[in-house]
Amino acid sequence: QEADHVRAHNNPANLLTERGDHKSAADHYFRAAERSEGLTHHISAAHAARRIGDWATPQKLQHSLLHSLRANERPHDRTQPFPLLSTPSATAIDQLHAASQMAKAYAGTEAVGHEPVPLLATQPRLRIGYVSSDLHDHATTHLLVEVLELHDRMRFEIVAFDYSVDRRSAYRTRILEAFDRVIPVIGLSDTEVARRISAEKIAIAVDLKAWTTGGGPQILARP
């Protein structure tokens with residue numbers, strides 16, 4: 001009986017995804033979805049199926065998934081916005097609804113005080129903070145590094161809050177050199193990272209991970 005439990009399939013699916021065994025992961029995600037009404041399990045199953053070129057499974061899941069989301073049948077579900085992007089029938093309103101559901105999970109997070117925005121804006125150089133665990137040989141770095149290098153250093157100071165695993169590469173060296181300062185925050189709690197950002201008087205904080213794997217949206221969720 002326990003073998004049919006949702007978590008008995010969802011947890012192995014997460015591990016298999018990390019190992020790169022996407023076919024086996026998709027099978028377990030689908031079995032979890034069969035045993036659960038949760039929107040997260042259905043979205044995960046549909047997303048995993050598309051990753052292996054299985055287009056029939058998402059078709060079976062997306063109609064009931066979107067109907068439940070739009071009818072607000074499970075208002076306390078933490079509907080993952082990122083996998084929902086790959087659902088062709090999902091609209092911008094659906095994305096907003098999913099994001100709102102997810103945001104509610106962070107509504108009660110511990111507040112971290114910040115200086116008022118008008119005061120931060122009076123700095124000689126506006127201080128921008130980028131928060132990421134992808135500052136290595138990763139697509140985010142490939143796409144962003146030149147943007148950082150082209151920041152006007154007369155007007156802006158750019159600071160990295162880096163919780164990347166230190167995978168040494170030419171890309172990691174280059175992107176770290178593109179910042180004025182790099183503050184390692186790996187191993188710190190979300191609240192501790194938020195406090196570091198506040199202490200650095202960051203006027204604009206940019207989360208480069210969002211809802212992707214390894215993301216920390218709860219860091220900037222603290223008011």
# chains A, B, ... in the order shown; residues from 1 in each chain; ligands from 1
$ residues_around --residues "Gln59 of chain A" --least-positions-apart "5" --cutoff "12 Å" --atoms "only C-alpha atoms" --output "NGL selection string"
:A and (42-43 or 45-47 or 49-50 or 54 or 64-66 or 86-89)
$ select_by_dssp --residues "segment 136-201 of chain A" --states "alpha helix (DSSP H)" --output "JSON, numbers by chain"
{"A": [139, 140, 141, 142, 143, 144, 145, 146, 147, 148, 149, 170, 171, 172, 173, 174, 175, 176, 177, 178, 190, 191, 192, 193, 194, 195, 196, 197, 198, 199]}
$ residues_around --residues "segment 116-120 of chain A" --least-positions-apart "5" --cutoff "9 Å" --atoms "only C-alpha atoms" --output "list of chain:residue names"
A:Leu126, A:Arg127, A:Lys201, A:Ile202, A:Ala203
$ atom_distance --atom1 "atom CA of Thr40 of chain A" --atom2 "atom CA of Thr79 of chain A"
5.2 Å
$ closest_residue --among "A:Asp207, A:Glu157, A:Asp94, A:Asp77" --to "Val131 of chain A" --atoms "only C-alpha atoms"
A:Asp207
$ residues_around --residues "His76 of chain A" --least-positions-apart "4" --cutoff "10 Å" --atoms "only C-alpha atoms" --output "list of chain:residue names"
A:Gly38, A:Leu39, A:Asn72, A:Gln101, A:Met102, A:Lys104, A:Ala105
$ atom_distance --atom1 "atom CA of Ile158 of chain A" --atom2 "atom CA of Arg181 of chain A"
6.9 Å
